[in-house]
Each structure stands twice: as C-alpha cells, then as structure tokens.
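So this one's entry.csv, CSV, C-alpha atoms and all ligand atoms:
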```csv
chain,number,residue,atom,x,y,z
A,23,MET,CA,13.7,-33.9,-3.1
A,24,LYS,CA,10.0,-33.2,-3.7
A,25,ILE,CA,8.7,-30.6,-1.3
A,26,THR,CA,5.1,-31.3,-0.5
A,27,GLU,CA,2.6,-28.8,0.7
A,28,ASP,CA,2.9,-29.9,4.3
A,29,PHE,CA,6.2,-28.1,4.2
A,30,PHE,CA,4.9,-24.7,3.0
A,31,PRO,CA,3.6,-23.2,6.2
A,32,LEU,CA,6.9,-24.0,8.0
A,33,ALA,CA,9.0,-22.9,5.0
A,34,TYR,CA,7.0,-19.6,4.9
A,35,SER,CA,7.0,-18.8,8.6
A,36,THR,CA,10.7,-19.7,9.0
A,37,SER,CA,11.7,-17.5,6.0
A,38,LYS,CA,9.5,-14.7,7.4
A,39,ASN,CA,11.0,-15.0,10.9
A,40,VAL,CA,14.5,-14.9,9.5
A,41,TYR,CA,13.7,-11.8,7.4
A,42,GLU,CA,12.1,-10.1,10.4
A,43,GLY,CA,15.2,-10.9,12.5
A,44,LYS,CA,13.3,-13.2,14.9
A,45,MET,CA,15.8,-16.0,14.1
A,46,THR,CA,19.2,-16.1,12.4
A,47,TYR,CA,19.7,-17.4,8.9
A,48,ASN,CA,21.5,-20.5,10.3
A,49,GLU,CA,18.7,-21.1,12.9
A,50,GLY,CA,16.1,-21.0,10.1
A,51,LYS,CA,18.1,-23.4,8.0
A,52,MET,CA,18.6,-25.8,10.9
A,53,LEU,CA,14.9,-25.7,11.7
A,54,LEU,CA,13.9,-26.6,8.2
A,55,THR,CA,16.5,-29.3,7.8
A,56,SER,CA,15.6,-30.8,11.1
A,57,LYS,CA,12.1,-31.4,9.6
A,58,GLY,CA,13.6,-33.3,6.7
A,59,MET,CA,14.1,-30.5,4.1
A,60,ASN,CA,17.5,-30.6,2.4
A,61,SER,CA,19.9,-27.8,3.1
A,62,ASN,CA,19.8,-26.3,-0.5
A,63,SER,CA,16.0,-26.1,-0.5
A,64,ALA,CA,16.0,-24.6,3.0
A,65,ALA,CA,18.4,-21.9,1.8
A,66,ASP,CA,16.4,-21.2,-1.4
A,67,TYR,CA,13.2,-20.6,0.6
A,68,ILE,CA,14.8,-18.2,3.1
A,69,ASN,CA,16.7,-16.3,0.4
A,70,ASP,CA,13.8,-16.2,-2.1
A,71,PHE,CA,11.5,-14.8,0.5
A,72,LYS,CA,13.8,-11.9,1.1
A,73,TYR,CA,14.1,-11.3,-2.7
A,74,MET,CA,10.3,-11.3,-3.0
A,75,ILE,CA,9.8,-8.9,-0.1
A,76,GLU,CA,12.4,-6.5,-1.5
A,77,GLY,CA,11.5,-6.8,-5.1
A,78,ASP,CA,14.8,-8.2,-6.3
A,79,LYS,CA,15.3,-10.9,-8.9
A,80,PHE,CA,15.9,-14.3,-7.5
A,81,THR,CA,17.7,-17.0,-9.5
A,82,ARG,CA,16.9,-20.2,-7.6
A,83,THR,CA,13.5,-21.4,-8.5
A,84,LEU,CA,10.9,-22.8,-6.1
A,85,ASN,CA,8.1,-25.2,-7.1
A,86,ALA,CA,5.0,-23.5,-8.3
A,87,PRO,CA,2.6,-24.4,-5.5
A,88,SER,CA,5.0,-23.1,-2.9
A,89,ILE,CA,5.4,-19.8,-4.9
A,90,GLU,CA,1.6,-19.6,-4.8
A,91,TYR,CA,1.6,-20.2,-1.1
A,92,PHE,CA,4.2,-17.6,-0.5
A,93,LEU,CA,2.4,-14.9,-2.6
A,94,GLU,CA,-0.9,-15.6,-0.8
A,95,ASN,CA,0.7,-15.2,2.6
A,96,ILE,CA,2.8,-12.2,1.7
A,97,TYR,CA,-0.5,-10.5,0.6
A,98,ASN,CA,-2.2,-11.5,3.8
A,99,ASP,CA,0.7,-10.5,6.1
A,100,TYR,CA,2.1,-7.4,4.4
A,101,GLY,CA,-0.7,-6.1,2.1
A,102,ILE,CA,-1.0,-5.1,-1.5
A,103,SER,CA,2.1,-3.1,-1.8
A,104,LYS,CA,4.4,-6.0,-0.8
A,105,LEU,CA,2.4,-8.3,-3.0
A,106,SER,CA,3.1,-5.9,-5.8
A,107,THR,CA,6.8,-5.9,-4.9
A,108,ALA,CA,6.9,-9.7,-4.7
A,109,LEU,CA,5.2,-9.9,-8.1
A,110,SER,CA,7.9,-7.7,-9.7
A,111,ALA,CA,10.6,-10.0,-8.2
A,112,LEU,CA,8.7,-13.0,-9.6
A,113,GLU,CA,8.4,-11.4,-13.0
A,114,ARG,CA,12.1,-10.9,-13.1
A,115,HIS,CA,12.7,-14.4,-11.9
A,116,ILE,CA,10.6,-15.8,-14.7
A,117,GLU,CA,12.4,-13.7,-17.3
A,118,TYR,CA,15.7,-14.7,-15.9
A,119,TYR,CA,14.9,-18.4,-15.9
A,120,GLU,CA,13.3,-18.5,-19.4
A,121,SER,CA,16.3,-16.5,-20.9
A,122,PHE,CA,18.4,-19.7,-20.6
A,123,GLY,CA,16.2,-21.6,-23.0
A,124,LYS,CA,15.9,-24.4,-20.4
A,125,GLY,CA,12.1,-24.3,-20.8
A,126,LYS,CA,9.2,-22.2,-19.7
A,127,LEU,CA,7.9,-21.7,-16.2
A,128,ASN,CA,4.3,-22.0,-17.4
A,129,LYS,CA,2.8,-22.9,-14.0
A,130,VAL,CA,4.6,-20.2,-12.3
A,131,ARG,CA,3.6,-17.7,-14.9
A,132,SER,CA,-0.1,-18.5,-14.5
A,133,ILE,CA,0.2,-18.0,-10.8
A,134,TYR,CA,1.9,-14.7,-11.5
A,135,GLU,CA,-0.9,-13.7,-13.7
A,136,LYS,CA,-3.5,-14.8,-11.2
A,137,PHE,CA,-2.1,-12.5,-8.5
A,138,LEU,CA,-1.6,-9.7,-11.0
A,139,LYS,CA,-5.4,-9.5,-11.3
A,140,ILE,CA,-5.7,-8.8,-7.6
A,141,LYS,CA,-3.7,-5.6,-7.9
A,142,PRO,CA,-6.2,-3.2,-9.6
A,143,SER,CA,-8.7,-3.8,-6.8
A,144,ILE,CA,-7.0,-1.0,-5.0
A,145,PRO,CA,-6.9,2.3,-6.9
A,146,ALA,CA,-3.4,3.4,-8.0
A,147,ASP,CA,-4.0,6.7,-6.2
A,148,GLU,CA,-4.6,5.0,-2.9
A,149,ILE,CA,-1.4,3.0,-3.3
A,150,GLU,CA,0.5,6.1,-4.1
A,151,GLN,CA,-0.9,8.0,-1.1
A,152,ASN,CA,0.0,5.1,1.2
A,153,GLU,CA,3.5,5.0,0.0
A,154,ILE,CA,3.8,8.8,0.4
A,155,ILE,CA,2.3,8.6,3.9
A,156,LYS,CA,5.0,6.0,4.9
A,157,TYR,CA,7.6,8.4,3.7
A,158,LEU,CA,6.0,11.4,5.5
A,159,LYS,CA,6.1,9.4,8.8
A,160,GLU,CA,9.7,8.6,8.4
A,161,GLU,CA,11.2,11.7,6.9
A,162,THR,CA,9.0,14.8,7.2
A,163,LYS,CA,8.3,17.1,10.1
A,164,ARG,CA,4.8,18.4,10.7
A,165,ALA,CA,5.9,21.9,10.3
A,166,GLN,CA,7.3,21.2,6.9
A,167,ILE,CA,4.1,19.6,5.8
A,168,LEU,CA,2.1,22.6,7.0
A,169,ASN,CA,4.5,24.9,5.1
A,170,ASP,CA,4.1,22.8,2.0
A,171,LEU,CA,0.3,22.9,2.2
A,172,LYS,CA,0.2,26.7,2.9
A,173,ASN,CA,2.4,27.3,-0.2
A,174,LEU,CA,0.5,25.3,-2.7
A,175,LYS,CA,0.2,27.0,-6.0
A,176,GLU,CA,-1.9,26.2,-9.0
A,177,THR,CA,1.2,26.5,-11.1
A,178,ASP,CA,3.1,23.8,-9.2
A,179,PRO,CA,4.2,20.8,-11.3
A,180,GLU,CA,1.7,18.0,-11.4
A,181,ILE,CA,4.4,15.3,-11.0
A,182,ILE,CA,6.8,15.3,-8.1
A,183,SER,CA,9.6,13.1,-7.0
A,184,ILE,CA,10.0,11.7,-3.5
A,185,ASN,CA,12.9,9.5,-2.6
A,186,HIS,CA,13.6,8.9,-6.3
A,187,LYS,CA,10.1,7.8,-7.1
A,188,ILE,CA,7.6,9.7,-9.2
A,189,TYR,CA,4.1,10.6,-7.8
A,190,LYS,CA,1.2,12.8,-8.6
A,191,ARG,CA,1.3,16.0,-6.6
A,192,ASP,CA,-2.4,15.7,-5.8
A,193,ASN,CA,-1.6,12.4,-4.1
A,194,LYS,CA,1.1,14.0,-2.1
A,195,THR,CA,-1.3,16.8,-1.0
A,196,ILE,CA,-4.0,14.4,0.0
A,197,ALA,CA,-1.5,12.2,1.8
A,198,GLN,CA,-0.3,15.2,3.7
A,199,ILE,CA,-3.8,16.2,4.7
A,200,LYS,CA,-4.7,12.7,5.8
A,201,PHE,CA,-1.5,12.6,7.9
A,202,LEU,CA,-2.2,16.0,9.6
A,203,ARG,CA,-5.8,15.1,10.3
A,204,ASN,CA,-4.8,11.7,11.7
A,205,PHE,CA,-7.0,9.8,9.2
A,206,GLN,CA,-10.2,10.8,11.0
A,207,CYS,CA,-13.6,11.4,9.5
A,208,GLN,CA,-14.4,15.1,10.0
A,209,ILE,CA,-18.0,14.3,10.6
A,210,CYS,CA,-18.0,11.4,13.0
A,211,GLY,CA,-14.3,11.1,14.0
A,212,THR,CA,-13.9,7.4,13.0
A,213,SER,CA,-11.2,5.8,10.9
A,214,ILE,CA,-10.7,2.3,9.7
A,215,LEU,CA,-7.8,0.3,11.0
A,216,LYS,CA,-6.2,-1.8,8.3
A,217,LYS,CA,-4.5,-5.1,9.1
A,218,ASP,CA,-1.1,-3.7,8.5
A,219,GLY,CA,-1.7,-1.2,11.3
A,220,THR,CA,-2.2,1.9,9.1
A,221,LYS,CA,-5.5,3.7,8.9
A,222,TYR,CA,-7.9,4.1,6.0
A,223,ILE,CA,-9.8,7.3,5.3
A,224,GLU,CA,-11.3,8.9,2.2
A,225,ALA,CA,-10.7,12.4,0.8
A,226,ALA,CA,-13.8,14.2,-0.6
A,227,HIS,CA,-13.7,17.2,-2.8
A,228,ILE,CA,-16.0,20.0,-1.7
A,229,LYS,CA,-16.0,21.5,-5.2
A,230,ALA,CA,-15.7,18.5,-7.5
A,231,LYS,CA,-12.5,17.8,-9.3
A,232,ASN,CA,-14.3,18.0,-12.7
A,233,LEU,CA,-15.5,21.5,-11.8
A,234,LYS,CA,-11.8,22.5,-11.2
A,235,GLY,CA,-12.0,21.8,-7.5
A,236,ARG,CA,-8.4,21.8,-6.3
A,237,GLU,CA,-6.5,19.4,-4.1
A,238,SER,CA,-5.9,21.9,-1.2
A,239,PRO,CA,-6.9,22.1,2.5
A,240,GLU,CA,-9.8,24.4,1.8
A,241,ASN,CA,-11.3,22.0,-0.8
A,242,ILE,CA,-10.6,18.6,0.7
A,243,ILE,CA,-12.4,17.1,3.7
A,244,LEU,CA,-11.7,13.7,5.1
A,245,LEU,CA,-14.7,11.4,5.4
A,246,CYS,CA,-15.3,7.7,6.4
A,247,PRO,CA,-16.8,5.7,3.5
A,248,ASN,CA,-20.3,6.1,4.8
A,249,HIS,CA,-20.2,9.8,5.2
A,250,HIS,CA,-18.4,10.1,1.9
A,251,LYS,CA,-21.2,8.5,0.1
A,252,GLU,CA,-23.8,10.5,2.0
A,253,PHE,CA,-21.9,13.7,1.2
A,254,ASP,CA,-21.9,12.7,-2.5
A,255,PHE,CA,-25.4,11.3,-2.9
A,256,GLY,CA,-27.4,12.8,0.0
A,257,ASP,CA,-29.3,16.0,0.1
A,258,LEU,CA,-26.5,18.5,0.5
A,259,LYS,CA,-26.8,22.2,0.9
A,260,ILE,CA,-23.6,24.2,1.5
A,261,THR,CA,-24.4,27.5,3.3
A,262,GLU,CA,-20.8,28.7,4.0
A,263,HIS,CA,-17.5,27.8,2.4
A,264,SER,CA,-14.5,29.9,3.4
A,265,VAL,CA,-10.8,29.0,3.8
A,266,SER,CA,-11.5,28.2,7.5
A,267,ASN,CA,-15.0,26.7,7.5
A,268,LEU,CA,-17.5,24.6,5.7
A,269,VAL,CA,-21.0,24.8,6.9
A,270,PHE,CA,-23.6,22.6,5.3
A,271,THR,CA,-26.9,20.7,5.8
A,272,LEU,CA,-26.7,17.0,4.9
A,273,ASN,CA,-30.0,15.1,4.9
A,274,GLY,CA,-31.4,17.5,7.5
A,275,THR,CA,-28.4,17.7,9.8
A,276,VAL,CA,-26.2,20.8,10.0
A,277,TYR,CA,-22.5,20.4,10.2
A,278,ASN,CA,-19.7,22.9,10.6
A,279,LEU,CA,-16.3,21.6,9.6
A,280,ASN,CA,-13.0,23.3,10.3
A,281,LEU,CA,-10.9,23.5,7.1
A,282,LEU,CA,-7.8,25.0,8.8
A,283,ILE,CA,-4.9,22.7,9.3
A,284,ASP,CA,-2.4,23.4,11.9
A,301,ZN,ZN,-17.9,9.4,9.3
```

As a first step, turn the structure in this file into structure tokens.
Ligand SMILES: [Zn+2]
Amino acid sequence: MKITEDFFPLAYSTSKNVYEGKMTYNEGKMLLTSKGMNSNSAADYINDFKYMIEGDKFTRTLNAPSIEYFLENIYNDYGISKLSTALSALERHIEYYESFGKGKLNKVRSIYEKFLKIKPSIPADEIEQNEIIKYLKEETKRAQILNDLKNLKETDPEIISINHKIYKRDNKTIAQIKFLRNFQCQICGTSILKKDGTKYIEAAHIKAKNLKGRESPENIILLCPNHHKEFDFGDLKITEHSVSNLVFTLNGTVYNLNLLID
C-alpha cells in the first residue's frame, strides 16, 4: 500500500508512544491498522522508530517522505544528540539496503545528507559535555566530582574514557563544573532551559586557553551568553585572581565571583 503523508503524524506519535511505554506494541499496531494501514507497515514504523532512537541498523525500509518526517520530529522532540543517533541508524540502513544490489536509496540518501548538515550547528564540545553531564547525573556522586576536580593535574591524559566512549578531558572538567554550579551564570544567576529539560550555560576562561589557561575551577567561570560576550568584549579589568576569588570591573561594574567549588 502507499502510505500518504496524512499517515505520518499518527505513525510517528504511535511509534513514539510505544517506545516510551505509553502503549504496548500490539496496541500501537492495532491503532495504526484501525486507521487503514496494513499490519506489516504498522510494524515497520514502530520497529524502525526504535532502531532510529537507539542508533541500530534497521532492515525494513520506509518511504523517503516518512523517513524525513520521522527525522524532523526526532530532532524536535529529542534534540540534536538523538537526531545524530537516528542518522547513524539511517546510514547503516542505507548501506545495508544498497549492499544487495537491489538499487540505490537516492531519495533517502539526500534526506540523510540534508540532516547531516544540521549537526555542526552545535559545537562538538557542547555535544560531548551534554553527554558527560547525563552520565554524571546517573552515575557519579557529588563528592566524587569534587574529588576529581581537586586532583586535576596538568599531566593528566587529554583523552578519557567514560562508559566505553572517548571524550576530551577538558570537556569532562567543564561538564563537572557546570553540574556542580547548577548551570547558573555566576554574574546574574540565570540559566537557559532547553526544550529537552536540560540547562544551557557557557564556560568562560579567565586566562584564555591560547595563553595556556587551564580547564580547572580556578580558571573557569560559568556565564550566560550575554555576560560571556560582555566578559570577552567589554572593558574588563581583573583586580584579584586567587584560587578562591575573582574580582574584576566590567564596563564600570565591580564583581566578586567565588571560584571555590564545594
Ligand atoms: Zn548572566
């Protein structure tokens, strides 16, 4: 059967609800078939959604416009990291399908490439930090993070492994500082709420990275985007910088920030 775009929203929301445990697999299938979709297609949508979200290769192909619809909505509902995961599932699907010599998935490939272009809009460091933060929330106790930060050494390896994945140590340190400081600007106390429920905050180096400023609690302050730019481009005079405090005048206003983390 030809699945028209009228079906996409229901196919997507049903697959999502099944994945999130809000309905059973059979309930989802019954809902889709009750609206006229055949049983195989209903199963393909529900299964392929799960493969996309988990980054696994799927073997049953969907029509190109519905793949596009699914990617768009995965991006909207789950953010860039799940889009990225779904794209890697799709890449493996395309390779799998084309390896049989049954033809090319040209339309699907062009959709894949279109979404691939969205990815670099978020810096890789930001993505890494977000992943590490999720891990910190699940696995690590506050005391362990503090201990990690207190024992940072310049000789520590630059690349670390968390949960079998490779990250830059700097990103781990910044993620830990963001976590401990609750993602709040140290000047105005604000943070930005993202649609996935997590918070966005920026890390500013007091001594610039290219001047050998380290990623460490005494050299990193957390700032909202406005204060970050003001800190970088405004009239800044640092009058005191110790392990515990940073005192500075920025565009005529004096600030005293606590650099101690506990
Ligand atoms: Zn601020």

Pull the neighbourhood of (-2.1, 16.9, -5.3) for me: all residues within 9 Å in file coordinates, counting all atoms listed in the file, as a PDB file with C-alpha atoms, in the frame of the given file.
```pdb
ATOM      1  CA  GLU A 180       1.700  18.000 -11.400  1.00  0.00           C
ATOM      2  CA  ILE A 181       4.400  15.300 -11.000  1.00  0.00           C
ATOM      3  CA  LYS A 190       1.200  12.800  -8.600  1.00  0.00           C
ATOM      4  CA  ARG A 191       1.300  16.000  -6.600  1.00  0.00           C
ATOM      5  CA  ASP A 192      -2.400  15.700  -5.800  1.00  0.00           C
ATOM      6  CA  ASN A 193      -1.600  12.400  -4.100  1.00  0.00           C
ATOM      7  CA  LYS A 194       1.100  14.000  -2.100  1.00  0.00           C
ATOM      8  CA  THR A 195      -1.300  16.800  -1.000  1.00  0.00           C
ATOM      9  CA  ILE A 196      -4.000  14.400   0.000  1.00  0.00           C
ATOM     10  CA  ALA A 197      -1.500  12.200   1.800  1.00  0.00           C
ATOM     11  CA  ARG A 236      -8.400  21.800  -6.300  1.00  0.00           C
ATOM     12  CA  GLU A 237      -6.500  19.400  -4.100  1.00  0.00           C
ATOM     13  CA  SER A 238      -5.900  21.900  -1.200  1.00  0.00           C
TER      14      SER A 238
END
```

Counting all atoms listed in the file, what is within 10 Å of Glu135 (chain A), bar same-chain residues fewer than 6 positions away, as a ChimeraX atom specification?
-> /A:109,113,129

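Each residue with an atom within 9 Å of any atom of ligand ZN 301 (chain A) appears in the list, which was built counting all atoms listed in the file: A:Gln206, A:Cys207, A:Gln208, A:Ile209, A:Cys210, A:Gly211, A:Thr212, A:Ser213, A:Leu244, A:Leu245, A:Cys246, A:Pro247, A:Asn248, A:His249, A:His250.
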
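A distance cut-off of 10 Å around (-13.2, 27.9, 3.2), counting all atoms listed in the file, selects these protein and nucleic acid residues: Ile228, Pro239, Glu240, Asn241, Ile242, Glu262, His263, Ser264, Val265, Ser266, Asn267, Leu268, Val269, Leu279, Asn280, Leu281 and Leu282 of chain A.
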
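Closest approach to Ser132 (chain A) from the set A:Ile199, A:Tyr189, A:Ala86, A:Tyr119 is made by A:Ala86, with distances taken over all atoms listed in the file.
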
For Thr275 (chain A), list every protein, DNA or RNA residue within 12 Å, evaluated using only C-alpha atoms, and leave out those in the same chain fewer than 6 positions away; present the list as a ChimeraX atom specification.
-> /A:209,252-253,256-260,269

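Going from CA of Ser121 (chain A) over to CA of Ile140 (chain A), you cover 26.8 Å.
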
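Counting all atoms listed in the file and comparing A:Asp178, A:Glu117, A:Asp284, A:Glu224, the residue that lies closest to Lys79 (chain A) is A:Glu117.
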
Rank nothing, just name the residue among A:Tyr97, A:Ala33, A:Ile155, A:Ser106 nearest to Asp70 (chain A), using only C-alpha atoms.
-> A:Ala33

Closest of A:Asn95, A:Met59, A:Ile167, A:Glu120 to Thr83 (chain A), counting all atoms listed in the file, is A:Glu120

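Interatomic distance, CA of Thr162 (chain A) to CA of His186 (chain A): 15.4 Å.
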
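Atom pair CA of Ile133 (chain A) / CA of Leu93 (chain A): separated by 9.0 Å.
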
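Closest to Tyr100 (chain A) among A:Ser183, A:Thr46, A:Asn169, A:Thr220 is A:Thr220, based on all atoms listed in the file.
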
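For the set A:Lys136, A:Phe71, A:Glu160, A:Phe92, the residue with the smallest atom-to-atom gap to Glu42 (chain A) is A:Phe71, counting only C-alpha atoms.
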
N, CA and C atoms for region 145-178 of chain A, written as a PDB file, in the frame of the given file, could you do that?
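The new file rebuild.pdb reads:
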```
ATOM      1  N   PRO A 145      -7.217   1.254  -5.937  1.00  0.00           N
ATOM      2  CA  PRO A 145      -6.900   2.300  -6.900  1.00  0.00           C
ATOM      3  C   PRO A 145      -5.418   2.710  -6.797  1.00  0.00           C
ATOM      4  N   ALA A 146      -4.816   2.987  -7.934  1.00  0.00           N
ATOM      5  CA  ALA A 146      -3.400   3.400  -8.000  1.00  0.00           C
ATOM      6  C   ALA A 146      -3.171   4.611  -7.067  1.00  0.00           C
ATOM      7  N   ASP A 147      -4.143   5.533  -7.029  1.00  0.00           N
ATOM      8  CA  ASP A 147      -4.000   6.700  -6.200  1.00  0.00           C
ATOM      9  C   ASP A 147      -3.843   6.366  -4.728  1.00  0.00           C
ATOM     10  N   GLU A 148      -4.648   5.399  -4.314  1.00  0.00           N
ATOM     11  CA  GLU A 148      -4.600   5.000  -2.900  1.00  0.00           C
ATOM     12  C   GLU A 148      -3.234   4.369  -2.583  1.00  0.00           C
ATOM     13  N   ILE A 149      -2.737   3.556  -3.527  1.00  0.00           N
ATOM     14  CA  ILE A 149      -1.400   3.000  -3.300  1.00  0.00           C
ATOM     15  C   ILE A 149      -0.348   4.041  -3.209  1.00  0.00           C
ATOM     16  N   GLU A 150      -0.432   5.011  -4.128  1.00  0.00           N
ATOM     17  CA  GLU A 150       0.500   6.100  -4.100  1.00  0.00           C
ATOM     18  C   GLU A 150       0.484   6.870  -2.787  1.00  0.00           C
ATOM     19  N   GLN A 151      -0.743   7.181  -2.356  1.00  0.00           N
ATOM     20  CA  GLN A 151      -0.900   8.000  -1.100  1.00  0.00           C
ATOM     21  C   GLN A 151      -0.319   7.176   0.074  1.00  0.00           C
ATOM     22  N   ASN A 152      -0.573   5.876   0.102  1.00  0.00           N
ATOM     23  CA  ASN A 152       0.000   5.100   1.200  1.00  0.00           C
ATOM     24  C   ASN A 152       1.477   5.083   1.225  1.00  0.00           C
ATOM     25  N   GLU A 153       2.069   5.007   0.036  1.00  0.00           N
ATOM     26  CA  GLU A 153       3.500   5.000   0.000  1.00  0.00           C
ATOM     27  C   GLU A 153       4.058   6.390   0.463  1.00  0.00           C
ATOM     28  N   ILE A 154       3.380   7.455   0.038  1.00  0.00           N
ATOM     29  CA  ILE A 154       3.800   8.800   0.400  1.00  0.00           C
ATOM     30  C   ILE A 154       3.668   8.966   1.951  1.00  0.00           C
ATOM     31  N   ILE A 155       2.560   8.451   2.493  1.00  0.00           N
ATOM     32  CA  ILE A 155       2.300   8.600   3.900  1.00  0.00           C
ATOM     33  C   ILE A 155       3.427   7.903   4.724  1.00  0.00           C
ATOM     34  N   LYS A 156       3.850   6.737   4.259  1.00  0.00           N
ATOM     35  CA  LYS A 156       5.000   6.000   4.900  1.00  0.00           C
ATOM     36  C   LYS A 156       6.195   6.935   4.947  1.00  0.00           C
ATOM     37  N   TYR A 157       6.436   7.567   3.802  1.00  0.00           N
ATOM     38  CA  TYR A 157       7.600   8.400   3.700  1.00  0.00           C
ATOM     39  C   TYR A 157       7.454   9.646   4.612  1.00  0.00           C
ATOM     40  N   LEU A 158       6.230  10.198   4.677  1.00  0.00           N
ATOM     41  CA  LEU A 158       6.000  11.400   5.500  1.00  0.00           C
ATOM     42  C   LEU A 158       6.311  11.031   6.988  1.00  0.00           C
ATOM     43  N   LYS A 159       5.858   9.834   7.414  1.00  0.00           N
ATOM     44  CA  LYS A 159       6.100   9.400   8.800  1.00  0.00           C
ATOM     45  C   LYS A 159       7.558   9.344   9.124  1.00  0.00           C
ATOM     46  N   GLU A 160       8.316   8.829   8.156  1.00  0.00           N
ATOM     47  CA  GLU A 160       9.700   8.600   8.400  1.00  0.00           C
ATOM     48  C   GLU A 160      10.542   9.911   8.325  1.00  0.00           C
ATOM     49  N   GLU A 161      10.213  10.692   7.303  1.00  0.00           N
ATOM     50  CA  GLU A 161      11.200  11.700   6.900  1.00  0.00           C
ATOM     51  C   GLU A 161      10.732  13.170   7.201  1.00  0.00           C
ATOM     52  N   THR A 162       9.454  13.404   7.263  1.00  0.00           N
ATOM     53  CA  THR A 162       9.000  14.800   7.200  1.00  0.00           C
ATOM     54  C   THR A 162       8.503  15.279   8.555  1.00  0.00           C
ATOM     55  N   LYS A 163       8.824  16.483   8.882  1.00  0.00           N
ATOM     56  CA  LYS A 163       8.300  17.100  10.100  1.00  0.00           C
ATOM     57  C   LYS A 163       6.985  17.756   9.821  1.00  0.00           C
ATOM     58  N   ARG A 164       6.125  17.741  10.840  1.00  0.00           N
ATOM     59  CA  ARG A 164       4.800  18.400  10.700  1.00  0.00           C
ATOM     60  C   ARG A 164       4.864  19.794  10.189  1.00  0.00           C
ATOM     61  N   ALA A 165       5.831  20.554  10.698  1.00  0.00           N
ATOM     62  CA  ALA A 165       5.900  21.900  10.300  1.00  0.00           C
ATOM     63  C   ALA A 165       6.225  22.076   8.789  1.00  0.00           C
ATOM     64  N   GLN A 166       7.016  21.139   8.282  1.00  0.00           N
ATOM     65  CA  GLN A 166       7.300  21.200   6.900  1.00  0.00           C
ATOM     66  C   GLN A 166       6.094  20.869   6.013  1.00  0.00           C
ATOM     67  N   ILE A 167       5.285  19.924   6.490  1.00  0.00           N
ATOM     68  CA  ILE A 167       4.100  19.600   5.800  1.00  0.00           C
ATOM     69  C   ILE A 167       3.123  20.777   5.733  1.00  0.00           C
ATOM     70  N   LEU A 168       2.980  21.426   6.894  1.00  0.00           N
ATOM     71  CA  LEU A 168       2.100  22.600   7.000  1.00  0.00           C
ATOM     72  C   LEU A 168       2.594  23.676   6.002  1.00  0.00           C
ATOM     73  N   ASN A 169       3.901  23.860   5.978  1.00  0.00           N
ATOM     74  CA  ASN A 169       4.500  24.900   5.100  1.00  0.00           C
ATOM     75  C   ASN A 169       4.215  24.515   3.633  1.00  0.00           C
ATOM     76  N   ASP A 170       4.375  23.249   3.310  1.00  0.00           N
ATOM     77  CA  ASP A 170       4.100  22.800   2.000  1.00  0.00           C
ATOM     78  C   ASP A 170       2.632  23.095   1.574  1.00  0.00           C
ATOM     79  N   LEU A 171       1.716  22.775   2.486  1.00  0.00           N
ATOM     80  CA  LEU A 171       0.300  22.900   2.200  1.00  0.00           C
ATOM     81  C   LEU A 171      -0.085  24.419   2.065  1.00  0.00           C
ATOM     82  N   LYS A 172       0.543  25.253   2.903  1.00  0.00           N
ATOM     83  CA  LYS A 172       0.200  26.700   2.900  1.00  0.00           C
ATOM     84  C   LYS A 172       0.749  27.336   1.586  1.00  0.00           C
ATOM     85  N   ASN A 173       1.781  26.734   1.017  1.00  0.00           N
ATOM     86  CA  ASN A 173       2.400  27.300  -0.200  1.00  0.00           C
ATOM     87  C   ASN A 173       2.038  26.681  -1.479  1.00  0.00           C
ATOM     88  N   LEU A 174       0.964  25.900  -1.459  1.00  0.00           N
ATOM     89  CA  LEU A 174       0.500  25.300  -2.700  1.00  0.00           C
ATOM     90  C   LEU A 174       0.142  26.311  -3.730  1.00  0.00           C
ATOM     91  N   LYS A 175       0.593  26.106  -4.957  1.00  0.00           N
ATOM     92  CA  LYS A 175       0.200  27.000  -6.000  1.00  0.00           C
ATOM     93  C   LYS A 175      -0.393  26.239  -7.176  1.00  0.00           C
ATOM     94  N   GLU A 176      -1.306  26.882  -7.872  1.00  0.00           N
ATOM     95  CA  GLU A 176      -1.900  26.200  -9.000  1.00  0.00           C
ATOM     96  C   GLU A 176      -0.899  25.881 -10.096  1.00  0.00           C
ATOM     97  N   THR A 177       0.179  26.646 -10.076  1.00  0.00           N
ATOM     98  CA  THR A 177       1.200  26.500 -11.100  1.00  0.00           C
ATOM     99  C   THR A 177       2.234  25.402 -10.747  1.00  0.00           C
ATOM    100  N   ASP A 178       2.086  24.802  -9.542  1.00  0.00           N
ATOM    101  CA  ASP A 178       3.100  23.800  -9.200  1.00  0.00           C
ATOM    102  C   ASP A 178       3.023  22.616 -10.164  1.00  0.00           C
TER     103      ASP A 178
END
```
